[in-house]
$ cat work.txt   # compact mmCIF, C-alpha atoms and all ligand atoms
# COMPACT_ATOMS: atom_id res chain seq x y z
CA MET A 1 -4.01 5.81 -18.76
CA ALA A 2 -3.18 3.96 -15.55
CA LYS A 3 -5.39 1.51 -13.72
CA LEU A 4 -6.25 2.86 -10.29
CA ILE A 5 -5.27 0.65 -7.34
CA ASN A 6 -8.25 1.16 -5.08
CA GLY A 7 -6.89 0.74 -1.56
CA ARG A 8 -10.20 1.63 0.03
CA GLU A 9 -12.07 -1.10 -1.82
CA LEU A 10 -9.40 -3.74 -1.19
CA ALA A 11 -9.28 -2.76 2.49
CA ASP A 12 -13.08 -3.05 2.81
CA ASN A 13 -13.05 -6.52 1.22
CA MET A 14 -10.23 -7.72 3.46
CA GLN A 15 -11.88 -6.25 6.56
CA GLU A 16 -15.12 -8.10 5.75
CA GLN A 17 -13.17 -11.39 5.64
CA MET A 18 -11.53 -10.48 8.95
CA ARG A 19 -14.95 -9.84 10.51
CA LEU A 20 -15.97 -13.39 9.63
CA ASP A 21 -12.67 -14.70 11.01
CA VAL A 22 -13.22 -12.82 14.29
CA ASP A 23 -16.81 -14.13 14.51
CA THR A 24 -15.41 -17.65 14.37
CA LEU A 25 -12.87 -16.84 17.09
CA LYS A 26 -15.60 -15.39 19.30
CA LYS A 27 -17.56 -18.63 19.00
CA GLN A 28 -14.49 -20.25 20.60
CA GLU A 29 -14.56 -17.53 23.30
CA VAL A 30 -11.45 -15.88 21.91
CA TYR A 31 -11.71 -12.07 21.76
CA PRO A 32 -8.91 -10.22 19.92
CA GLY A 33 -7.81 -7.05 21.74
CA LEU A 34 -5.65 -4.12 20.64
CA VAL A 35 -4.34 -1.24 22.72
CA VAL A 36 -3.18 1.95 21.00
CA PHE A 37 -0.87 4.40 22.77
CA LEU A 38 -1.06 8.04 21.74
CA VAL A 39 1.28 10.55 23.33
CA GLY A 40 0.17 14.18 22.88
CA ASP A 41 -2.54 15.44 20.57
CA ASP A 42 -1.05 15.68 17.10
CA PRO A 43 -4.12 16.13 14.84
CA ALA A 44 -2.87 13.79 12.09
CA SER A 45 -2.09 11.03 14.61
CA LYS A 46 -5.54 11.50 16.14
CA THR A 47 -7.17 11.05 12.72
CA TYR A 48 -5.18 7.86 12.03
CA ILE A 49 -6.08 6.48 15.45
CA LYS A 50 -9.75 7.30 14.95
CA ASN A 51 -9.65 5.38 11.66
CA LYS A 52 -7.98 2.45 13.42
CA GLU A 53 -10.74 2.45 16.06
CA ILE A 54 -13.44 2.49 13.36
CA ALA A 55 -11.82 -0.45 11.55
CA ALA A 56 -11.43 -2.43 14.80
CA GLN A 57 -15.07 -1.86 15.66
CA LYS A 58 -16.20 -2.95 12.20
CA ILE A 59 -14.21 -6.18 12.43
CA GLY A 60 -15.12 -6.89 16.04
CA ILE A 61 -11.70 -6.34 17.58
CA GLN A 62 -11.82 -4.86 21.06
CA SER A 63 -9.71 -1.69 20.92
CA LYS A 64 -8.61 0.63 23.67
CA LEU A 65 -6.95 4.02 23.40
CA GLU A 66 -4.42 5.11 26.01
CA ASN A 67 -3.86 8.83 25.47
CA TYR A 68 -1.09 10.46 27.51
CA PRO A 69 -0.07 14.13 27.71
CA SER A 70 2.88 15.12 25.53
CA ASP A 71 5.04 15.69 28.63
CA ILE A 72 4.67 12.13 29.97
CA SER A 73 8.08 10.85 31.07
CA GLU A 74 9.76 8.07 29.16
CA GLU A 75 9.88 6.01 32.35
CA LYS A 76 6.13 6.30 32.88
CA LEU A 77 5.38 5.39 29.26
CA LEU A 78 7.61 2.32 29.50
CA ALA A 79 5.82 1.28 32.70
CA GLU A 80 2.42 1.67 30.99
CA ILE A 81 3.56 -0.53 28.08
CA GLU A 82 4.77 -3.14 30.55
CA LYS A 83 1.27 -3.33 32.06
CA TYR A 84 -0.16 -4.34 28.68
CA ASN A 85 2.67 -6.78 27.97
CA SER A 86 1.31 -8.81 30.87
CA ASN A 87 -2.40 -8.20 30.25
CA PRO A 88 -3.76 -11.30 28.45
CA ASN A 89 -6.84 -9.43 27.16
CA TYR A 90 -4.69 -7.37 24.77
CA HIS A 91 -2.94 -9.33 22.04
CA GLY A 92 -1.66 -6.31 20.13
CA ILE A 93 0.14 -3.17 21.34
CA LEU A 94 0.72 -0.20 19.08
CA VAL A 95 2.50 3.06 19.90
CA GLN A 96 1.49 5.75 17.45
CA LEU A 97 4.51 7.48 15.90
CA PRO A 98 6.02 10.02 15.96
CA LEU A 99 6.70 10.43 19.68
CA PRO A 100 7.76 13.71 21.31
CA ASP A 101 11.50 14.45 21.12
CA HIS A 102 12.22 13.75 24.81
CA ILE A 103 11.15 10.11 24.39
CA ASP A 104 13.58 7.62 22.88
CA GLU A 105 11.53 5.85 20.19
CA GLU A 106 13.90 2.91 20.02
CA LYS A 107 13.60 2.25 23.76
CA VAL A 108 9.82 2.38 23.54
CA LEU A 109 9.58 -0.01 20.59
CA LEU A 110 12.00 -2.37 22.33
CA ALA A 111 9.75 -2.36 25.42
CA ILE A 112 6.81 -3.92 23.54
CA ASP A 113 6.63 -7.70 23.84
CA PRO A 114 7.59 -8.87 20.29
CA LYS A 115 4.61 -11.26 20.37
CA LYS A 116 2.28 -8.27 20.80
CA ASP A 117 4.11 -5.99 18.35
CA VAL A 118 1.41 -5.71 15.69
CA ASP A 119 3.29 -2.87 13.96
CA GLY A 120 6.33 -5.05 13.24
CA PHE A 121 8.67 -2.32 14.53
CA HIS A 122 10.36 -4.27 17.36
CA PRO A 123 14.03 -4.97 16.50
CA MET A 124 13.30 -8.71 16.82
CA ASN A 125 10.56 -8.49 14.19
CA MET A 126 12.67 -6.23 11.96
CA GLY A 127 15.49 -8.77 12.25
CA ARG A 128 13.20 -11.64 11.35
CA LEU A 129 12.10 -9.73 8.25
CA LEU A 130 15.74 -9.21 7.25
CA LEU A 131 16.44 -12.92 7.71
CA GLY A 132 13.45 -13.92 5.57
CA ASN A 133 11.39 -15.43 8.41
CA PRO A 134 8.97 -12.63 9.36
CA GLN A 135 6.30 -12.81 12.03
CA ALA A 136 4.87 -9.27 12.15
CA LEU A 137 5.53 -6.83 9.32
CA PRO A 138 5.41 -3.03 9.22
CA CYS A 139 1.83 -2.38 8.13
CA THR A 140 2.36 0.08 5.25
CA PRO A 141 4.81 -2.05 3.23
CA TYR A 142 2.77 -5.15 4.06
CA GLY A 143 -0.36 -3.42 2.72
CA ILE A 144 1.48 -2.46 -0.46
CA MET A 145 2.51 -6.08 -1.03
CA LYS A 146 -1.16 -7.07 -0.67
CA MET A 147 -2.01 -4.50 -3.34
CA PHE A 148 0.51 -6.02 -5.77
CA GLU A 149 -1.00 -9.44 -5.07
CA ALA A 150 -4.63 -8.29 -5.48
CA TYR A 151 -3.88 -6.57 -8.80
CA ASP A 152 -1.74 -9.46 -10.14
CA ILE A 153 1.34 -7.28 -10.42
CA ASP A 154 4.27 -9.61 -11.01
CA LEU A 155 7.44 -8.46 -9.29
CA ALA A 156 9.99 -11.18 -10.04
CA GLY A 157 12.89 -9.87 -12.10
CA LYS A 158 11.49 -6.32 -12.15
CA ASN A 159 13.46 -3.21 -11.21
CA ALA A 160 11.99 -1.27 -8.30
CA ILE A 161 13.03 1.98 -6.69
CA VAL A 162 12.02 2.85 -3.15
CA ILE A 163 12.32 6.56 -2.50
CA GLY A 164 12.83 7.22 1.22
CA ARG A 165 14.72 5.09 3.75
CA SER A 166 12.61 5.31 6.92
CA ASN A 167 12.51 2.37 9.32
CA ILE A 168 8.73 2.14 9.08
CA VAL A 169 8.32 2.24 5.29
CA GLY A 170 11.40 2.47 3.05
CA LYS A 171 13.69 -0.15 4.59
CA PRO A 172 11.06 -2.86 5.18
CA MET A 173 9.53 -2.13 1.76
CA ALA A 174 12.87 -2.86 0.10
CA GLN A 175 13.16 -6.16 2.00
CA LEU A 176 9.67 -7.29 1.00
CA LEU A 177 10.33 -6.47 -2.66
CA LEU A 178 13.64 -8.31 -2.49
CA ALA A 179 11.85 -11.36 -1.06
CA LYS A 180 9.74 -11.35 -4.25
CA ASN A 181 12.89 -11.44 -6.39
CA THR A 182 12.70 -7.78 -7.40
CA THR A 183 15.94 -5.87 -8.00
CA VAL A 184 15.68 -2.99 -5.56
CA THR A 185 17.31 0.44 -5.56
CA MET A 186 16.95 2.54 -2.42
CA ALA A 187 16.99 6.27 -3.03
CA HIS A 188 17.29 9.01 -0.42
CA SER A 189 18.17 12.66 0.04
CA HIS A 190 21.80 12.11 -1.09
CA THR A 191 20.90 10.18 -4.25
CA GLN A 192 22.31 11.81 -7.38
CA ASP A 193 20.07 12.50 -10.38
CA LEU A 194 17.02 10.78 -8.92
CA PRO A 195 14.72 11.38 -11.93
CA THR A 196 17.09 9.49 -14.27
CA LEU A 197 17.45 6.63 -11.79
CA ALA A 198 13.70 6.41 -11.14
CA LYS A 199 12.95 6.45 -14.86
CA GLN A 200 14.65 3.06 -15.21
CA ALA A 201 12.31 1.45 -12.66
CA ASP A 202 9.33 -0.80 -13.40
CA VAL A 203 7.98 -0.10 -9.91
CA ILE A 204 8.27 3.15 -7.95
CA VAL A 205 7.38 3.36 -4.26
CA SER A 206 7.59 6.91 -2.96
CA ALA A 207 7.70 7.60 0.77
CA VAL A 208 9.43 10.96 1.04
CA GLY A 209 6.66 13.12 2.49
CA LYS A 210 6.97 15.92 -0.09
CA GLY A 211 3.90 16.91 -2.06
CA ASN A 212 4.06 16.39 -5.86
CA PHE A 213 7.73 15.36 -5.59
CA VAL A 214 7.48 12.58 -8.17
CA THR A 215 6.74 14.20 -11.52
CA LYS A 216 6.46 12.72 -15.02
CA ASP A 217 10.24 13.11 -15.36
CA PHE A 218 10.66 10.27 -12.82
CA VAL A 219 8.36 7.75 -14.48
CA LYS A 220 8.92 5.41 -17.40
CA GLU A 221 5.95 4.48 -19.61
CA GLY A 222 4.05 1.59 -18.01
CA ALA A 223 5.65 1.80 -14.55
CA VAL A 224 3.68 0.88 -11.42
CA VAL A 225 3.56 3.88 -9.08
CA ILE A 226 2.81 3.53 -5.36
CA ASP A 227 2.33 6.72 -3.36
CA VAL A 228 2.89 6.50 0.40
CA GLY A 229 2.98 10.29 0.84
CA MET A 230 0.47 11.96 3.14
CA ASN A 231 0.93 15.70 2.62
CA ARG A 232 -1.24 18.82 2.48
CA ASP A 233 -1.16 21.37 -0.33
CA GLU A 234 -1.35 25.14 0.21
CA ASN A 235 -5.17 24.89 0.49
CA GLY A 236 -4.98 22.12 3.10
CA LYS A 237 -6.04 19.42 0.61
CA ARG A 238 -4.48 15.97 1.14
CA ILE A 239 -1.95 15.14 -1.55
CA GLY A 240 0.61 12.40 -2.01
CA ASP A 241 4.26 12.49 -3.06
CA VAL A 242 3.24 11.87 -6.65
CA ASP A 243 1.96 14.52 -9.04
CA PHE A 244 -1.08 12.40 -9.90
CA ALA A 245 -2.31 14.49 -12.86
CA GLU A 246 1.10 14.32 -14.56
CA VAL A 247 1.99 10.71 -13.74
CA GLU A 248 -1.36 8.92 -14.15
CA PRO A 249 -1.34 9.04 -17.98
CA ILE A 250 2.13 7.42 -18.11
CA ALA A 251 1.85 4.71 -15.41
CA SER A 252 0.26 1.26 -15.81
CA PHE A 253 -1.00 1.20 -12.20
CA ILE A 254 -1.16 4.01 -9.67
CA THR A 255 -2.41 4.48 -6.09
CA PRO A 256 -4.45 7.58 -5.24
CA VAL A 257 -4.07 9.72 -2.10
CA PRO A 258 -6.32 9.48 -0.15
CA LYS A 259 -7.93 6.02 -0.44
CA GLY A 260 -4.77 4.28 -1.61
CA VAL A 261 -2.07 3.01 0.71
CA GLY A 262 -3.52 4.59 3.91
CA PRO A 263 -6.55 2.28 4.35
CA MET A 264 -4.32 -0.74 3.67
CA THR A 265 -1.96 0.30 6.52
CA ILE A 266 -4.89 0.14 8.93
CA THR A 267 -6.18 -3.13 7.45
CA MET A 268 -2.84 -4.88 7.92
CA LEU A 269 -2.75 -3.69 11.52
CA MET A 270 -6.10 -5.42 12.07
CA GLN A 271 -4.89 -8.56 10.30
CA GLN A 272 -1.77 -8.70 12.48
CA THR A 273 -3.83 -8.18 15.64
CA ILE A 274 -5.96 -11.19 14.72
CA GLU A 275 -2.84 -13.24 13.91
CA ALA A 276 -1.18 -12.23 17.21
CA CYS A 277 -4.37 -13.20 19.05
CA LYS A 278 -4.44 -16.62 17.38
CA ARG A 279 -0.77 -17.21 18.22
CA GLN A 280 -1.35 -16.28 21.85
CA GLU A 281 -4.68 -18.02 22.39
CA LEU A 282 -4.81 -21.04 20.11
CA ASN A 283 -1.28 -22.45 20.31
N1 LIG A 301 2.71 3.09 15.10
C1 LIG A 301 2.61 3.57 13.84
N2 LIG A 301 2.74 4.88 13.65
C2 LIG A 301 2.64 5.35 12.37
C3 LIG A 301 2.38 4.47 11.28
C4 LIG A 301 2.27 3.10 11.54
O1 LIG A 301 2.10 2.24 10.63
N3 LIG A 301 2.38 2.69 12.84
N4 LIG A 301 2.19 4.99 10.00
C5 LIG A 301 1.94 6.40 9.83
C6 LIG A 301 0.52 6.85 10.01
N5 LIG A 301 -0.55 5.87 9.78
C7 LIG A 301 -0.71 4.86 10.64
O2 LIG A 301 -0.56 4.98 11.83
C8 LIG A 301 -1.57 6.08 8.79
C9 LIG A 301 -1.52 7.09 7.88
C10 LIG A 301 -2.59 7.30 6.98
C11 LIG A 301 -3.70 6.49 7.03
C12 LIG A 301 -4.90 6.71 6.16
O3 LIG A 301 -5.81 5.91 6.19
N6 LIG A 301 -4.98 7.79 5.41
C13 LIG A 301 -6.19 8.11 4.70
C14 LIG A 301 -6.45 9.58 4.86
C15 LIG A 301 -6.63 9.95 6.31
C16 LIG A 301 -7.03 11.40 6.50
O4 LIG A 301 -6.14 12.27 6.52
O5 LIG A 301 -8.23 11.64 6.65
C17 LIG A 301 -6.05 7.74 3.23
O6 LIG A 301 -4.91 7.68 2.74
O7 LIG A 301 -7.08 7.52 2.61
C18 LIG A 301 -3.74 5.48 7.94
C19 LIG A 301 -2.69 5.27 8.82
C20 LIG A 301 2.81 7.19 10.80
N7 LIG A 301 2.74 6.68 12.12

$ encode --input "work.txt" --output "structure tokens" --more "lines below"
Ligand SMILES: Nc1nc2c(c(=O)[nH]1)N[C@@H](CN(C=O)c1ccc(C(=O)N[C@@H](CCC(=O)O)C(=O)O)cc1)CN2
Amino acid sequence: MAKLINGRELADNMQEQMRLDVDTLKKQEVYPGLVVFLVGDDPASKTYIKNKEIAAQKIGIQSKLENYPSDISEEKLLAEIEKYNSNPNYHGILVQLPLPDHIDEEKVLLAIDPKKDVDGFHPMNMGRLLLGNPQALPCTPYGIMKMFEAYDIDLAGKNAIVIGRSNIVGKPMAQLLLAKNTTVTMAHSHTQDLPTLAKQADVIVSAVGKGNFVTKDFVKEGAVVIDVGMNRDENGKRIGDVDFAEVEPIASFITPVPKGVGPMTITMLMQQTIEACKRQELN
């Protein structure tokens, strides 16, 4: 039976530490600020943003939501971002993804001042990660690394497989594992015989967005299984990529969905907002 990696509990503990850190900053008259851009009214994005607002409030970070209609022009959105690049009260800027099809995501991410990019998605920050000198990291993979650390999961020399090659999870996840001396395989939709490949891994990170995709046939006895999936089953219940009931008895550690990786994504966003604030205000 696997040990459950309790993302909710770890996130709460880290957020409490951050609250104390922010209290200290406020005594120096430094007030961390975060602005979140939401384009349209996608219900899932709205839930994630609500949770980000709740976390910010708990920690004492001033957060502001800028919600634009889904038909906002790219030009207007870029101009709005520019306003916050030069507003010293906001140390972090986040654009909730995905964006509507008519907006070029790459252009938008490039428009954020890299110093204020608390999502770690700006090409400069992605490049720094690749070169082994990161400043801001994509929050989901960063949160997963914190989970490994908190649960004393040793990665050096282990074989890991990352399933999914998105820019926001799969690719940065592989880099962070590599930086811990893990041997990393990246799997994707063209990978041949994925179950056999995954079964050789000591660590599996699944970020494919398909409910119950990772079954017991993918998992070797004692593997660590991290589920980034955020899917709904036919009854609307939240489920991950991993068939929890099948995999949990085989794994050594496993993350649940919900209350696994999700709360850590938000926590790392808060952490990076505080760090960005310190870099901008205290240096
Ligand atoms: N700009 C960004 N956009 C997106 C990111 C991101 O890191 N930056 N990641 C995802 C969505 N996401 C954060 O924005 C995110 C997803 C899930 C959760 C979370 O806490 N999930 C809860 C369940 C929430 C619910 O459905 O009620 C859980 O797992 O317990 C937080 C953040 C895509 N876009």

$ closest_residue --input "work.txt" --among "A:Thr183, A:Thr196, A:Asn231, A:Gln17" --to "ligand LIG 301 (chain A)" --atoms "only C-alpha atoms and all ligand atoms"
A:Asn231

$ closest_atom_pairs --input "work.txt" --of "chain A" --to "ligand LIG 301 (chain A)" --cutoff "7 Å" --atoms "all atoms listed in the file" --output "JSON lines"
{"residue": "A:Ala44", "atom": "CA", "partner": "A:LIG301", "partner_atom": "O4", "distance": 6.6}
{"residue": "A:Ser45", "atom": "CA", "partner": "A:LIG301", "partner_atom": "C6", "distance": 6.7}
{"residue": "A:Thr47", "atom": "CA", "partner": "A:LIG301", "partner_atom": "O5", "distance": 6.2}
{"residue": "A:Tyr48", "atom": "CA", "partner": "A:LIG301", "partner_atom": "C19", "distance": 4.8}
{"residue": "A:Ile49", "atom": "CA", "partner": "A:LIG301", "partner_atom": "O2", "distance": 6.8}
{"residue": "A:Asn51", "atom": "CA", "partner": "A:LIG301", "partner_atom": "O3", "distance": 6.7}
{"residue": "A:Leu94", "atom": "CA", "partner": "A:LIG301", "partner_atom": "N1", "distance": 5.5}
{"residue": "A:Val95", "atom": "CA", "partner": "A:LIG301", "partner_atom": "N1", "distance": 4.8}
{"residue": "A:Gln96", "atom": "CA", "partner": "A:LIG301", "partner_atom": "N1", "distance": 3.8}
{"residue": "A:Leu97", "atom": "CA", "partner": "A:LIG301", "partner_atom": "N2", "distance": 3.9}
{"residue": "A:Pro98", "atom": "CA", "partner": "A:LIG301", "partner_atom": "N7", "distance": 6.1}
{"residue": "A:Asp119", "atom": "CA", "partner": "A:LIG301", "partner_atom": "N3", "distance": 5.7}
{"residue": "A:Pro138", "atom": "CA", "partner": "A:LIG301", "partner_atom": "O1", "distance": 6.4}
{"residue": "A:Cys139", "atom": "CA", "partner": "A:LIG301", "partner_atom": "O1", "distance": 5.3}
{"residue": "A:Thr140", "atom": "CA", "partner": "A:LIG301", "partner_atom": "O1", "distance": 5.8}
{"residue": "A:Ile168", "atom": "CA", "partner": "A:LIG301", "partner_atom": "O1", "distance": 6.8}
{"residue": "A:Met230", "atom": "CA", "partner": "A:LIG301", "partner_atom": "C10", "distance": 6.8}
{"residue": "A:Arg238", "atom": "CA", "partner": "A:LIG301", "partner_atom": "O4", "distance": 6.7}
{"residue": "A:Val257", "atom": "CA", "partner": "A:LIG301", "partner_atom": "O6", "distance": 5.3}
{"residue": "A:Pro258", "atom": "CA", "partner": "A:LIG301", "partner_atom": "O7", "distance": 3.5}
{"residue": "A:Lys259", "atom": "CA", "partner": "A:LIG301", "partner_atom": "O7", "distance": 3.5}
{"residue": "A:Gly260", "atom": "CA", "partner": "A:LIG301", "partner_atom": "O6", "distance": 5.5}
{"residue": "A:Val261", "atom": "CA", "partner": "A:LIG301", "partner_atom": "O6", "distance": 5.8}
{"residue": "A:Gly262", "atom": "CA", "partner": "A:LIG301", "partner_atom": "C12", "distance": 3.4}
{"residue": "A:Pro263", "atom": "CA", "partner": "A:LIG301", "partner_atom": "O3", "distance": 4.1}
{"residue": "A:Thr265", "atom": "CA", "partner": "A:LIG301", "partner_atom": "C19", "distance": 5.5}
{"residue": "A:Ile266", "atom": "CA", "partner": "A:LIG301", "partner_atom": "C18", "distance": 5.6}

$ closest_residue --input "work.txt" --among "A:Ala179, A:Leu4, A:Glu221, A:Met270" --to "Asn133 in chain A" --atoms "only C-alpha atoms"
A:Ala179

$ residues_around --input "work.txt" --residues "range 55-70 of chain A" --least-positions-apart "5" --cutoff "6 Å" --atoms "only C-alpha atoms" --output "list of chain:residue names"
A:Arg19, A:Pro32, A:Gly33, A:Leu34, A:Val35, A:Val36, A:Phe37, A:Leu38, A:Val39, A:Gly40

$ closest_residue --input "work.txt" --among "A:Gly92, A:Gly240, A:Pro195, A:Gly222" --to "Ser252 in chain A" --atoms "only C-alpha atoms"
A:Gly222

$ atom_distance --input "work.txt" --atom1 "CA of Ile93 in chain A" --atom2 "CA of Gly164 in chain A"
26.0 Å

$ atom_distance --input "work.txt" --atom1 "CA of Thr215 in chain A" --atom2 "CA of Ala201 in chain A"
14.0 Å

$ residues_near_point --input "work.txt" --point "(5.1, -6.1, 1.5)" --cutoff "9 Å" --atoms "all atoms listed in the file" --output "PDB file with C-alpha atoms, in the frame of the given file"
ATOM      1  CA  LEU A 137       5.530  -6.830   9.320  1.00  0.00           C
ATOM      2  CA  PRO A 138       5.410  -3.030   9.220  1.00  0.00           C
ATOM      3  CA  CYS A 139       1.830  -2.380   8.130  1.00  0.00           C
ATOM      4  CA  THR A 140       2.360   0.080   5.250  1.00  0.00           C
ATOM      5  CA  PRO A 141       4.810  -2.050   3.230  1.00  0.00           C
ATOM      6  CA  TYR A 142       2.770  -5.150   4.060  1.00  0.00           C
ATOM      7  CA  GLY A 143      -0.360  -3.420   2.720  1.00  0.00           C
ATOM      8  CA  ILE A 144       1.480  -2.460  -0.460  1.00  0.00           C
ATOM      9  CA  MET A 145       2.510  -6.080  -1.030  1.00  0.00           C
ATOM     10  CA  LYS A 146      -1.160  -7.070  -0.670  1.00  0.00           C
ATOM     11  CA  MET A 147      -2.010  -4.500  -3.340  1.00  0.00           C
ATOM     12  CA  PHE A 148       0.510  -6.020  -5.770  1.00  0.00           C
ATOM     13  CA  PRO A 172      11.060  -2.860   5.180  1.00  0.00           C
ATOM     14  CA  MET A 173       9.530  -2.130   1.760  1.00  0.00           C
ATOM     15  CA  ALA A 174      12.870  -2.860   0.100  1.00  0.00           C
ATOM     16  CA  GLN A 175      13.160  -6.160   2.000  1.00  0.00           C
ATOM     17  CA  LEU A 176       9.670  -7.290   1.000  1.00  0.00           C
ATOM     18  CA  LEU A 177      10.330  -6.470  -2.660  1.00  0.00           C
ATOM     19  CA  ALA A 179      11.850 -11.360  -1.060  1.00  0.00           C
TER      20      ALA A 179
END

$ residues_around --input "work.txt" --residues "Glu9 in chain A" --least-positions-apart "3" --cutoff "10 Å" --atoms "only C-alpha atoms" --output "list in words"
Ile5, Asn6, Asp12, Asn13, Met14, Gln15, Lys259, Gly260, Pro263 and Met264 of chain A

$ residues_near_point --input "work.txt" --point "(1.1, -11.7, 12.3)" --cutoff "6 Å" --atoms "all atoms listed in the file" --output "ChimeraX atom specification"
/A:135-136,272,275-276

$ write_last_selection --input "work.txt" --atoms "C-alpha atoms" --output "PDB file, in the coordinates of the input"
ATOM      1  CA  GLN A 135       6.300 -12.810  12.030  1.00  0.00           C
ATOM      2  CA  ALA A 136       4.870  -9.270  12.150  1.00  0.00           C
ATOM      3  CA  GLN A 272      -1.770  -8.700  12.480  1.00  0.00           C
ATOM      4  CA  GLU A 275      -2.840 -13.240  13.910  1.00  0.00           C
ATOM      5  CA  ALA A 276      -1.180 -12.230  17.210  1.00  0.00           C
TER       6      ALA A 276
END

$ residues_around --input "work.txt" --residues "Pro249 in chain A" --least-positions-apart "3" --cutoff "12 Å" --atoms "only C-alpha atoms" --output "list in words"
Met1, Ala2, Lys3, Leu4, Thr215, Lys216, Val219, Lys220, Glu221, Gly222, Ala223, Val224, Val225, Asp243, Phe244, Ala245, Glu246, Ser252, Phe253 and Ile254 of chain A

$ write_last_selection --input "work.txt" --atoms "C-alpha atoms" --output "tab-separated table (two decimals), in the frame of the given file"
chain	number	residue	atom	x	y	z
A	1	MET	CA	-4.01	5.81	-18.76
A	2	ALA	CA	-3.18	3.96	-15.55
A	3	LYS	CA	-5.39	1.51	-13.72
A	4	LEU	CA	-6.25	2.86	-10.29
A	215	THR	CA	6.74	14.20	-11.52
A	216	LYS	CA	6.46	12.72	-15.02
A	219	VAL	CA	8.36	7.75	-14.48
A	220	LYS	CA	8.92	5.41	-17.40
A	221	GLU	CA	5.95	4.48	-19.61
A	222	GLY	CA	4.05	1.59	-18.01
A	223	ALA	CA	5.65	1.80	-14.55
A	224	VAL	CA	3.68	0.88	-11.42
A	225	VAL	CA	3.56	3.88	-9.08
A	243	ASP	CA	1.96	14.52	-9.04
A	244	PHE	CA	-1.08	12.40	-9.90
A	245	ALA	CA	-2.31	14.49	-12.86
A	246	GLU	CA	1.10	14.32	-14.56
A	252	SER	CA	0.26	1.26	-15.81
A	253	PHE	CA	-1.00	1.20	-12.20
A	254	ILE	CA	-1.16	4.01	-9.67

$ atom_distance --input "work.txt" --atom1 "CA of Leu99 in chain A" --atom2 "CA of Leu77 in chain A"
10.9 Å

$ residues_around --input "work.txt" --residues "Gly209 in chain A" --least-positions-apart "4" --cutoff "12 Å" --atoms "all atoms listed in the file" --output "JSON, numbers by chain"
{"A": [163, 164, 165, 166, 169, 170, 188, 189, 205, 213, 214, 227, 228, 229, 230, 231, 232, 233, 238, 239, 240, 241, 242]}

$ closest_residue --input "work.txt" --among "A:Asp217, A:Ala150, A:Lys76, A:Glu248" --to "Ala11 in chain A" --atoms "all atoms listed in the file"
A:Ala150

$ closest_residue --input "work.txt" --among "A:Ile103, A:Ile81, A:Val247, A:Leu194" --to "Asp117 in chain A" --atoms "only C-alpha atoms"
A:Ile81

$ build_atoms --input "work.txt" --residues "range 200-212 of chain A" --atoms "N, CA and C atoms" --output "PDB file, keeping the file's coordinate frame"
ATOM      1  N   GLN A 200      14.293   4.422 -14.774  1.00  0.00           N
ATOM      2  CA  GLN A 200      14.650   3.060 -15.210  1.00  0.00           C
ATOM      3  C   GLN A 200      13.798   2.001 -14.503  1.00  0.00           C
ATOM      4  N   ALA A 201      13.005   2.432 -13.504  1.00  0.00           N
ATOM      5  CA  ALA A 201      12.310   1.450 -12.660  1.00  0.00           C
ATOM      6  C   ALA A 201      10.967   1.022 -13.245  1.00  0.00           C
ATOM      7  N   ASP A 202      10.654  -0.287 -13.027  1.00  0.00           N
ATOM      8  CA  ASP A 202       9.330  -0.800 -13.400  1.00  0.00           C
ATOM      9  C   ASP A 202       8.323  -0.499 -12.293  1.00  0.00           C
ATOM     10  N   VAL A 203       8.845  -0.369 -11.075  1.00  0.00           N
ATOM     11  CA  VAL A 203       7.980  -0.100  -9.910  1.00  0.00           C
ATOM     12  C   VAL A 203       8.602   1.044  -9.113  1.00  0.00           C
ATOM     13  N   ILE A 204       7.788   2.040  -8.792  1.00  0.00           N
ATOM     14  CA  ILE A 204       8.270   3.150  -7.950  1.00  0.00           C
ATOM     15  C   ILE A 204       7.422   3.187  -6.689  1.00  0.00           C
ATOM     16  N   VAL A 205       8.093   3.162  -5.526  1.00  0.00           N
ATOM     17  CA  VAL A 205       7.380   3.360  -4.260  1.00  0.00           C
ATOM     18  C   VAL A 205       7.938   4.642  -3.661  1.00  0.00           C
ATOM     19  N   SER A 206       7.094   5.645  -3.501  1.00  0.00           N
ATOM     20  CA  SER A 206       7.590   6.910  -2.960  1.00  0.00           C
ATOM     21  C   SER A 206       7.087   7.139  -1.552  1.00  0.00           C
ATOM     22  N   ALA A 207       8.032   7.333  -0.634  1.00  0.00           N
ATOM     23  CA  ALA A 207       7.700   7.600   0.770  1.00  0.00           C
ATOM     24  C   ALA A 207       8.636   8.691   1.279  1.00  0.00           C
ATOM     25  N   VAL A 208       8.533   9.854   0.663  1.00  0.00           N
ATOM     26  CA  VAL A 208       9.430  10.960   1.040  1.00  0.00           C
ATOM     27  C   VAL A 208       8.728  12.053   1.840  1.00  0.00           C
ATOM     28  N   GLY A 209       7.395  12.099   1.743  1.00  0.00           N
ATOM     29  CA  GLY A 209       6.660  13.120   2.490  1.00  0.00           C
ATOM     30  C   GLY A 209       6.799  14.513   1.911  1.00  0.00           C
ATOM     31  N   LYS A 210       6.907  14.603   0.577  1.00  0.00           N
ATOM     32  CA  LYS A 210       6.970  15.920  -0.090  1.00  0.00           C
ATOM     33  C   LYS A 210       5.931  15.939  -1.203  1.00  0.00           C
ATOM     34  N   GLY A 211       5.001  16.841  -1.104  1.00  0.00           N
ATOM     35  CA  GLY A 211       3.900  16.910  -2.060  1.00  0.00           C
ATOM     36  C   GLY A 211       4.373  17.091  -3.501  1.00  0.00           C
ATOM     37  N   ASN A 212       3.779  16.310  -4.416  1.00  0.00           N
ATOM     38  CA  ASN A 212       4.060  16.390  -5.860  1.00  0.00           C
ATOM     39  C   ASN A 212       5.550  16.286  -6.198  1.00  0.00           C
TER      40      ASN A 212
END
